$ cat model-v4.pdb   # PDB, N, CA and C atoms
MODEL        1
ATOM      1  N   MET A  19      20.430 -12.460 -13.944
ATOM      2  CA  MET A  19      20.312 -11.061 -14.297
ATOM      3  C   MET A  19      21.574 -10.350 -13.800
ATOM      4  N   THR A  20      22.186  -9.603 -14.695
ATOM      5  CA  THR A  20      23.426  -8.919 -14.335
ATOM      6  C   THR A  20      23.126  -7.581 -13.652
ATOM      7  N   MET A  21      24.169  -7.026 -13.066
ATOM      8  CA  MET A  21      24.030  -5.728 -12.402
ATOM      9  C   MET A  21      23.664  -4.644 -13.417
ATOM     10  N   THR A  22      24.162  -4.762 -14.640
ATOM     11  CA  THR A  22      23.822  -3.803 -15.692
ATOM     12  C   THR A  22      22.329  -3.863 -16.003
ATOM     13  N   ASP A  23      21.783  -5.066 -16.073
ATOM     14  CA  ASP A  23      20.351  -5.215 -16.330
ATOM     15  C   ASP A  23      19.526  -4.594 -15.206
ATOM     16  N   ILE A  24      19.953  -4.832 -13.984
ATOM     17  CA  ILE A  24      19.237  -4.281 -12.832
ATOM     18  C   ILE A  24      19.303  -2.757 -12.854
ATOM     19  N   THR A  25      20.466  -2.218 -13.190
ATOM     20  CA  THR A  25      20.626  -0.763 -13.266
ATOM     21  C   THR A  25      19.733  -0.179 -14.351
ATOM     22  N   LYS A  26      19.697  -0.818 -15.504
ATOM     23  CA  LYS A  26      18.834  -0.344 -16.597
ATOM     24  C   LYS A  26      17.365  -0.352 -16.181
ATOM     25  N   MET A  27      16.947  -1.418 -15.524
ATOM     26  CA  MET A  27      15.558  -1.504 -15.073
ATOM     27  C   MET A  27      15.246  -0.427 -14.041
ATOM     28  N   ALA A  28      16.185  -0.170 -13.143
ATOM     29  CA  ALA A  28      15.983   0.862 -12.121
ATOM     30  C   ALA A  28      15.875   2.244 -12.760
ATOM     31  N   VAL A  29      16.703   2.521 -13.754
ATOM     32  CA  VAL A  29      16.648   3.813 -14.449
ATOM     33  C   VAL A  29      15.319   3.963 -15.186
ATOM     34  N   LEU A  30      14.875   2.912 -15.855
ATOM     35  CA  LEU A  30      13.582   2.955 -16.555
ATOM     36  C   LEU A  30      12.432   3.153 -15.565
ATOM     37  N   PHE A  31      12.496   2.471 -14.445
ATOM     38  CA  PHE A  31      11.468   2.606 -13.408
ATOM     39  C   PHE A  31      11.429   4.039 -12.880
ATOM     40  N   LEU A  32      12.593   4.599 -12.607
ATOM     41  CA  LEU A  32      12.676   5.978 -12.124
ATOM     42  C   LEU A  32      12.135   6.952 -13.173
ATOM     43  N   ALA A  33      12.530   6.764 -14.433
ATOM     44  CA  ALA A  33      12.059   7.644 -15.515
ATOM     45  C   ALA A  33      10.540   7.576 -15.651
ATOM     46  N   LEU A  34       9.979   6.369 -15.611
ATOM     47  CA  LEU A  34       8.536   6.212 -15.713
ATOM     48  C   LEU A  34       7.830   6.938 -14.571
ATOM     49  N   ASN A  35       8.329   6.793 -13.371
ATOM     50  CA  ASN A  35       7.705   7.439 -12.224
ATOM     51  C   ASN A  35       7.848   8.956 -12.263
ATOM     52  N   LEU A  36       8.950   9.463 -12.800
ATOM     53  CA  LEU A  36       9.088  10.909 -12.983
ATOM     54  C   LEU A  36       8.104  11.429 -14.032
ATOM     55  N   ILE A  37       7.895  10.655 -15.078
ATOM     56  CA  ILE A  37       6.918  11.035 -16.105
ATOM     57  C   ILE A  37       5.520  11.070 -15.505
ATOM     58  N   VAL A  38       5.174  10.048 -14.736
ATOM     59  CA  VAL A  38       3.853  10.002 -14.105
ATOM     60  C   VAL A  38       3.684  11.179 -13.146
ATOM     61  N   PHE A  39       4.704  11.474 -12.353
ATOM     62  CA  PHE A  39       4.640  12.625 -11.456
ATOM     63  C   PHE A  39       4.392  13.904 -12.261
ATOM     64  N   SER A  40       5.071  14.043 -13.389
ATOM     65  CA  SER A  40       4.910  15.218 -14.244
ATOM     66  C   SER A  40       3.496  15.328 -14.803
ATOM     67  N   VAL A  41       2.916  14.209 -15.183
ATOM     68  CA  VAL A  41       1.543  14.220 -15.704
ATOM     69  C   VAL A  41       0.574  14.646 -14.607
ATOM     70  N   TYR A  42       0.766  14.155 -13.406
ATOM     71  CA  TYR A  42      -0.078  14.580 -12.280
ATOM     72  C   TYR A  42       0.108  16.082 -12.013
ATOM     73  N   PHE A  43       1.342  16.565 -12.141
ATOM     74  CA  PHE A  43       1.611  17.991 -11.972
ATOM     75  C   PHE A  43       0.860  18.806 -13.029
ATOM     76  N   LEU A  44       0.902  18.351 -14.288
ATOM     77  CA  LEU A  44       0.181  19.048 -15.356
ATOM     78  C   LEU A  44      -1.320  19.070 -15.086
ATOM     79  N   ASP A  45      -1.846  17.974 -14.569
ATOM     80  CA  ASP A  45      -3.268  17.926 -14.234
ATOM     81  C   ASP A  45      -3.588  18.898 -13.102
ATOM     82  N   LYS A  46      -2.708  18.982 -12.132
ATOM     83  CA  LYS A  46      -2.920  19.914 -11.019
ATOM     84  C   LYS A  46      -2.890  21.357 -11.526
ATOM     85  N   GLN A  47      -1.959  21.666 -12.413
ATOM     86  CA  GLN A  47      -1.898  23.002 -12.993
ATOM     87  C   GLN A  47      -3.164  23.314 -13.789
ATOM     88  N   ALA A  48      -3.651  22.340 -14.537
ATOM     89  CA  ALA A  48      -4.887  22.531 -15.305
ATOM     90  C   ALA A  48      -6.061  22.800 -14.368
ATOM     91  N   ALA A  49      -6.105  22.116 -13.245
ATOM     92  CA  ALA A  49      -7.179  22.325 -12.275
ATOM     93  C   ALA A  49      -7.111  23.735 -11.692
ATOM     94  N   ARG A  50      -5.925  24.186 -11.399
ATOM     95  CA  ARG A  50      -5.754  25.535 -10.826
ATOM     96  C   ARG A  50      -6.176  26.637 -11.794
ATOM     97  N   HIS A  51      -5.950  26.402 -13.093
ATOM     98  CA  HIS A  51      -6.236  27.412 -14.103
ATOM     99  C   HIS A  51      -7.530  27.135 -14.868
ATOM    100  N   GLN A  52      -8.308  26.212 -14.358
ATOM    101  CA  GLN A  52      -9.607  25.841 -14.928
ATOM    102  C   GLN A  52      -9.510  25.537 -16.424
ATOM    103  N   ARG A  53      -8.553  24.680 -16.749
ATOM    104  CA  ARG A  53      -8.360  24.220 -18.126
ATOM    105  C   ARG A  53      -8.735  22.755 -18.232
ATOM    106  N   TRP A  54      -8.600  22.218 -19.435
ATOM    107  CA  TRP A  54      -8.897  20.816 -19.707
ATOM    108  C   TRP A  54      -8.051  19.938 -18.800
ATOM    109  N   ARG A  55      -8.708  18.931 -18.184
ATOM    110  CA  ARG A  55      -8.055  18.044 -17.215
ATOM    111  C   ARG A  55      -7.728  16.696 -17.848
ATOM    112  N   ILE A  56      -6.791  16.017 -17.263
ATOM    113  CA  ILE A  56      -6.451  14.648 -17.656
ATOM    114  C   ILE A  56      -7.423  13.729 -16.927
ATOM    115  N   SER A  57      -7.968  12.760 -17.635
ATOM    116  CA  SER A  57      -8.989  11.900 -17.036
ATOM    117  C   SER A  57      -8.401  11.041 -15.918
ATOM    118  N   GLU A  58      -9.260  10.708 -14.962
ATOM    119  CA  GLU A  58      -8.838   9.836 -13.864
ATOM    120  C   GLU A  58      -8.418   8.476 -14.397
ATOM    121  N   ARG A  59      -9.096   8.014 -15.427
ATOM    122  CA  ARG A  59      -8.741   6.716 -16.025
ATOM    123  C   ARG A  59      -7.298   6.746 -16.530
ATOM    124  N   THR A  60      -6.919   7.832 -17.184
ATOM    125  CA  THR A  60      -5.547   7.957 -17.683
ATOM    126  C   THR A  60      -4.557   8.005 -16.533
ATOM    127  N   LEU A  61      -4.867   8.777 -15.510
ATOM    128  CA  LEU A  61      -3.971   8.876 -14.353
ATOM    129  C   LEU A  61      -3.789   7.516 -13.678
ATOM    130  N   LEU A  62      -4.870   6.783 -13.516
ATOM    131  CA  LEU A  62      -4.782   5.462 -12.885
ATOM    132  C   LEU A  62      -4.078   4.455 -13.790
ATOM    133  N   THR A  63      -4.274   4.559 -15.092
ATOM    134  CA  THR A  63      -3.595   3.660 -16.022
ATOM    135  C   THR A  63      -2.087   3.877 -15.965
ATOM    136  N   LEU A  64      -1.681   5.135 -15.893
ATOM    137  CA  LEU A  64      -0.244   5.425 -15.764
ATOM    138  C   LEU A  64       0.318   4.831 -14.477
ATOM    139  N   ALA A  65      -0.445   4.896 -13.411
ATOM    140  CA  ALA A  65      -0.012   4.281 -12.156
ATOM    141  C   ALA A  65       0.077   2.765 -12.308
ATOM    142  N   LEU A  66      -0.899   2.177 -12.970
ATOM    143  CA  LEU A  66      -0.949   0.721 -13.124
ATOM    144  C   LEU A  66       0.212   0.181 -13.955
ATOM    145  N   ILE A  67       0.633   0.908 -14.981
ATOM    146  CA  ILE A  67       1.703   0.383 -15.842
ATOM    147  C   ILE A  67       3.084   0.531 -15.213
ATOM    148  N   GLY A  68       3.146   0.989 -13.976
ATOM    149  CA  GLY A  68       4.422   1.026 -13.273
ATOM    150  C   GLY A  68       4.732   2.334 -12.580
ATOM    151  N   GLY A  69       3.864   3.310 -12.712
ATOM    152  CA  GLY A  69       4.141   4.614 -12.126
ATOM    153  C   GLY A  69       3.442   4.872 -10.811
ATOM    154  N   SER A  70       3.163   3.826 -10.049
ATOM    155  CA  SER A  70       2.398   4.004  -8.812
ATOM    156  C   SER A  70       3.139   4.843  -7.775
ATOM    157  N   LEU A  71       4.446   4.699  -7.682
ATOM    158  CA  LEU A  71       5.194   5.504  -6.706
ATOM    159  C   LEU A  71       5.188   6.978  -7.095
ATOM    160  N   GLY A  72       5.323   7.264  -8.378
ATOM    161  CA  GLY A  72       5.248   8.645  -8.850
ATOM    162  C   GLY A  72       3.867   9.235  -8.636
ATOM    163  N   ALA A  73       2.831   8.406  -8.831
ATOM    164  CA  ALA A  73       1.457   8.860  -8.630
ATOM    165  C   ALA A  73       1.191   9.169  -7.168
ATOM    166  N   VAL A  74       1.626   8.288  -6.276
ATOM    167  CA  VAL A  74       1.411   8.512  -4.839
ATOM    168  C   VAL A  74       2.231   9.708  -4.367
ATOM    169  N   ALA A  75       3.454   9.843  -4.865
ATOM    170  CA  ALA A  75       4.276  10.999  -4.495
ATOM    171  C   ALA A  75       3.602  12.295  -4.939
ATOM    172  N   ALA A  76       3.093  12.312  -6.163
ATOM    173  CA  ALA A  76       2.395  13.500  -6.662
ATOM    174  C   ALA A  76       1.142  13.772  -5.846
ATOM    175  N   GLN A  77       0.434  12.715  -5.513
ATOM    176  CA  GLN A  77      -0.796  12.880  -4.731
ATOM    177  C   GLN A  77      -0.482  13.541  -3.391
ATOM    178  N   GLN A  78       0.584  13.130  -2.758
ATOM    179  CA  GLN A  78       0.928  13.667  -1.443
ATOM    180  C   GLN A  78       1.587  15.049  -1.533
ATOM    181  N   ILE A  79       2.541  15.210  -2.433
ATOM    182  CA  ILE A  79       3.282  16.472  -2.543
ATOM    183  C   ILE A  79       2.404  17.581  -3.127
ATOM    184  N   LEU A  80       1.655  17.242  -4.186
ATOM    185  CA  LEU A  80       0.841  18.253  -4.866
ATOM    186  C   LEU A  80      -0.557  18.382  -4.279
ATOM    187  N   ARG A  81      -0.901  17.494  -3.340
ATOM    188  CA  ARG A  81      -2.257  17.435  -2.769
ATOM    189  C   ARG A  81      -3.267  17.210  -3.888
ATOM    190  N   GLN A  82      -2.954  16.265  -4.755
ATOM    191  CA  GLN A  82      -3.755  15.973  -5.941
ATOM    192  C   GLN A  82      -4.650  14.779  -5.677
ATOM    193  N   LYS A  83      -5.953  14.981  -5.728
ATOM    194  CA  LYS A  83      -6.950  13.919  -5.594
ATOM    195  C   LYS A  83      -6.804  13.143  -4.283
ATOM    196  N   THR A  84      -6.536  13.836  -3.202
ATOM    197  CA  THR A  84      -6.353  13.170  -1.919
ATOM    198  C   THR A  84      -7.676  12.812  -1.250
ATOM    199  N   ARG A  85      -8.755  13.473  -1.622
ATOM    200  CA  ARG A  85     -10.057  13.179  -1.022
ATOM    201  C   ARG A  85     -11.030  12.545  -2.006
ATOM    202  N   LYS A  86     -10.599  12.341  -3.221
ATOM    203  CA  LYS A  86     -11.475  11.830  -4.273
ATOM    204  C   LYS A  86     -11.569  10.305  -4.201
ATOM    205  N   GLU A  87     -12.773   9.813  -3.942
ATOM    206  CA  GLU A  87     -13.026   8.367  -3.961
ATOM    207  C   GLU A  87     -13.828   8.035  -5.212
ATOM    208  N   PRO A  88     -13.648   6.925  -5.838
ATOM    209  CA  PRO A  88     -12.804   5.774  -5.476
ATOM    210  C   PRO A  88     -11.359   5.894  -5.956
ATOM    211  N   PHE A  89     -10.977   7.046  -6.496
ATOM    212  CA  PHE A  89      -9.621   7.235  -7.016
ATOM    213  C   PHE A  89      -8.566   6.849  -5.979
ATOM    214  N   ARG A  90      -8.708   7.359  -4.766
ATOM    215  CA  ARG A  90      -7.738   7.061  -3.695
ATOM    216  C   ARG A  90      -7.605   5.572  -3.446
ATOM    217  N   SER A  91      -8.733   4.902  -3.338
ATOM    218  CA  SER A  91      -8.722   3.466  -3.036
ATOM    219  C   SER A  91      -8.123   2.656  -4.175
ATOM    220  N   ILE A  92      -8.441   3.031  -5.396
ATOM    221  CA  ILE A  92      -7.887   2.309  -6.548
ATOM    222  C   ILE A  92      -6.383   2.511  -6.612
ATOM    223  N   LEU A  93      -5.929   3.742  -6.387
ATOM    224  CA  LEU A  93      -4.493   4.008  -6.402
ATOM    225  C   LEU A  93      -3.788   3.233  -5.279
ATOM    226  N   ALA A  94      -4.396   3.155  -4.120
ATOM    227  CA  ALA A  94      -3.823   2.373  -3.014
ATOM    228  C   ALA A  94      -3.744   0.890  -3.390
ATOM    229  N   ALA A  95      -4.773   0.377  -4.041
ATOM    230  CA  ALA A  95      -4.773  -1.031  -4.467
ATOM    231  C   ALA A  95      -3.669  -1.293  -5.493
ATOM    232  N   ILE A  96      -3.465  -0.355  -6.402
ATOM    233  CA  ILE A  96      -2.396  -0.493  -7.396
ATOM    234  C   ILE A  96      -1.040  -0.509  -6.702
ATOM    235  N   LEU A  97      -0.856   0.360  -5.730
ATOM    236  CA  LEU A  97       0.403   0.412  -4.986
ATOM    237  C   LEU A  97       0.650  -0.907  -4.250
ATOM    238  N   ILE A  98      -0.378  -1.462  -3.635
ATOM    239  CA  ILE A  98      -0.256  -2.750  -2.937
ATOM    240  C   ILE A  98       0.067  -3.861  -3.933
ATOM    241  N   LEU A  99      -0.585  -3.847  -5.084
ATOM    242  CA  LEU A  99      -0.309  -4.834  -6.141
ATOM    243  C   LEU A  99       1.145  -4.765  -6.572
ATOM    244  N   HIS A 100       1.651  -3.554  -6.787
ATOM    245  CA  HIS A 100       3.040  -3.393  -7.202
ATOM    246  C   HIS A 100       4.005  -3.841  -6.110
ATOM    247  N   GLY A 101       3.659  -3.569  -4.858
ATOM    248  CA  GLY A 101       4.495  -4.030  -3.747
ATOM    249  C   GLY A 101       4.554  -5.544  -3.682
ATOM    250  N   ALA A 102       3.400  -6.183  -3.850
ATOM    251  CA  ALA A 102       3.353  -7.652  -3.837
ATOM    252  C   ALA A 102       4.144  -8.233  -5.004
ATOM    253  N   LEU A 103       4.017  -7.625  -6.170
ATOM    254  CA  LEU A 103       4.759  -8.089  -7.344
ATOM    255  C   LEU A 103       6.266  -7.934  -7.121
ATOM    256  N   ALA A 104       6.678  -6.821  -6.530
ATOM    257  CA  ALA A 104       8.099  -6.607  -6.247
ATOM    258  C   ALA A 104       8.620  -7.670  -5.276
ATOM    259  N   MET A 105       7.805  -8.013  -4.279
ATOM    260  CA  MET A 105       8.213  -9.048  -3.325
ATOM    261  C   MET A 105       8.362 -10.403  -4.017
ATOM    262  N   VAL A 106       7.423 -10.732  -4.865
ATOM    263  CA  VAL A 106       7.495 -12.009  -5.591
ATOM    264  C   VAL A 106       8.755 -12.050  -6.448
ATOM    265  N   LEU A 107       9.016 -10.966  -7.176
ATOM    266  CA  LEU A 107      10.204 -10.932  -8.028
ATOM    267  C   LEU A 107      11.498 -10.964  -7.211
ATOM    268  N   ALA A 108      11.479 -10.324  -6.043
ATOM    269  CA  ALA A 108      12.675 -10.308  -5.197
ATOM    270  C   ALA A 108      12.976 -11.687  -4.621
ATOM    271  N   PHE A 109      11.933 -12.430  -4.266
ATOM    272  CA  PHE A 109      12.139 -13.731  -3.642
ATOM    273  C   PHE A 109      12.063 -14.906  -4.608
ATOM    274  N   ALA A 110      11.746 -14.668  -5.857
ATOM    275  CA  ALA A 110      11.634 -15.751  -6.842
ATOM    276  C   ALA A 110      12.909 -16.594  -6.935
ATOM    277  N   PRO A 111      14.099 -15.981  -6.957
ATOM    278  CA  PRO A 111      15.300 -16.824  -7.017
ATOM    279  C   PRO A 111      15.446 -17.750  -5.817
ATOM    280  N   LEU A 112      14.948 -17.353  -4.661
ATOM    281  CA  LEU A 112      15.027 -18.207  -3.476
ATOM    282  C   LEU A 112      14.029 -19.358  -3.547
ATOM    283  N   TRP A 113      12.887 -19.098  -4.186
ATOM    284  CA  TRP A 113      11.841 -20.115  -4.277
ATOM    285  C   TRP A 113      12.072 -21.088  -5.438
ATOM    286  N   ALA A 114      12.841 -20.673  -6.439
ATOM    287  CA  ALA A 114      13.015 -21.474  -7.648
ATOM    288  C   ALA A 114      13.478 -22.905  -7.369
ATOM    289  N   PRO A 115      14.476 -23.121  -6.493
ATOM    290  CA  PRO A 115      14.904 -24.511  -6.251
ATOM    291  C   PRO A 115      13.783 -25.385  -5.668
ATOM    292  N   ARG A 116      12.948 -24.813  -4.856
ATOM    293  CA  ARG A 116      11.855 -25.579  -4.248
ATOM    294  C   ARG A 116      10.734 -25.854  -5.235
ATOM    295  N   LEU A 117      10.598 -24.974  -6.219
ATOM    296  CA  LEU A 117       9.531 -25.125  -7.204
ATOM    297  C   LEU A 117      10.019 -25.812  -8.473
ATOM    298  N   HIS A 118      11.305 -26.131  -8.509
ATOM    299  CA  HIS A 118      11.933 -26.753  -9.667
ATOM    300  C   HIS A 118      11.806 -25.872 -10.903
ATOM    301  N   LEU A 119      11.994 -24.561 -10.700
ATOM    302  CA  LEU A 119      11.980 -23.608 -11.797
ATOM    303  C   LEU A 119      13.372 -23.033 -11.967
ATOM    304  N   ASP A 120      13.668 -22.572 -13.134
ATOM    305  CA  ASP A 120      14.977 -21.994 -13.400
ATOM    306  C   ASP A 120      14.834 -20.515 -13.716
ATOM    307  N   PHE A 121      15.305 -19.657 -12.792
ATOM    308  CA  PHE A 121      15.238 -18.210 -13.018
ATOM    309  C   PHE A 121      16.605 -17.702 -13.363
TER     310      PHE A 121
ENDMDL
END

$ encode --input "model-v4.pdb" --output "structure tokens"
Amino acid sequence: MTMTDITKMAVLFLALNLIVFSVYFLDKQAARHQRWRISERTLLTLALIGGSLGAVAAQQILRQKTRKEPFRSILAAILILHGALAMVLAFAPLWAPRLHLDF
């Protein structure tokens, strides 16, 4: 993987997380003005597809769904899953020779 590929992936990751943060912001605004809300399923799905850091940032900065269970626990599990996946991807090139895989 080239540095250009890594940069592109980082930009896409950042953009996705900014979008997720924005969606959480819109939901918070809707809650304040007693308007139609974005479903928890949608918010968690956005976190699951890669926006977990944006979701957690919004949760902490906007005080969005900080006491709502099981939402909090599910979001924490998604964040842990993404962290584990990032670790696997980061160390995969080191493990490849031992596993006889070509990355």

$ atom_distance --input "model-v4.pdb" --atom1 "atom CA of Asn35 of chain A" --atom2 "atom C of Gly69 of chain A"
5.2 Å

$ resolve_selection --input "model-v4.pdb" --expression "the PyMOL selection byres ((chain A and resi 39) around 7)" --output "number ranges by chain"
A: 34-38, 40-44, 69, 71-73, 75-76

$ atom_distance --input "model-v4.pdb" --atom1 "atom N of Leu32 of chain A" --atom2 "atom N of Ala104 of chain A"
14.2 Å

$ atom_distance --input "model-v4.pdb" --atom1 "atom C of Val106 of chain A" --atom2 "atom N of Ala33 of chain A"
20.8 Å

$ axis_aligned_box --input "model-v4.pdb" --around "segment 38-55 of chain A" --padding-each-side "4 Å" --output "AutoDock Vina command-line options"
--center_x -2.2 --center_y 18.7 --center_z -15.3 --size_x 22.8 --size_y 25.4 --size_z 16.9

$ residues_around --input "model-v4.pdb" --residues "segment 52-58 of chain A" --least-positions-apart "2" --cutoff "12 Å" --atoms "only C-alpha atoms" --output "JSON, numbers by chain"
{"A": [38, 40, 41, 42, 43, 44, 45, 46, 47, 48, 49, 50, 60, 61, 62, 63, 64, 65, 73, 82, 83, 86, 87, 88, 89, 90, 92, 93]}

$ select_by_dssp --input "model-v4.pdb" --residues "chain A" --states "helix (DSSP H, G or I)" --output "count of residues only"
82

$ closest_residue --input "model-v4.pdb" --among "A:Phe31, A:Ala110, A:Arg59, A:Ala94" --to "Val74 of chain A" --atoms "only N, CA and C atoms"
A:Ala94

$ closest_residue --input "model-v4.pdb" --among "A:Gly68, A:His51, A:His100, A:Leu80" --to "Leu30 of chain A" --atoms "only C-alpha atoms"
A:Gly68

$ closest_residue --input "model-v4.pdb" --among "A:Trp113, A:Ile98, A:Thr84, A:Ala108" --to "Met19 of chain A" --atoms "only C-alpha atoms"
A:Ala108
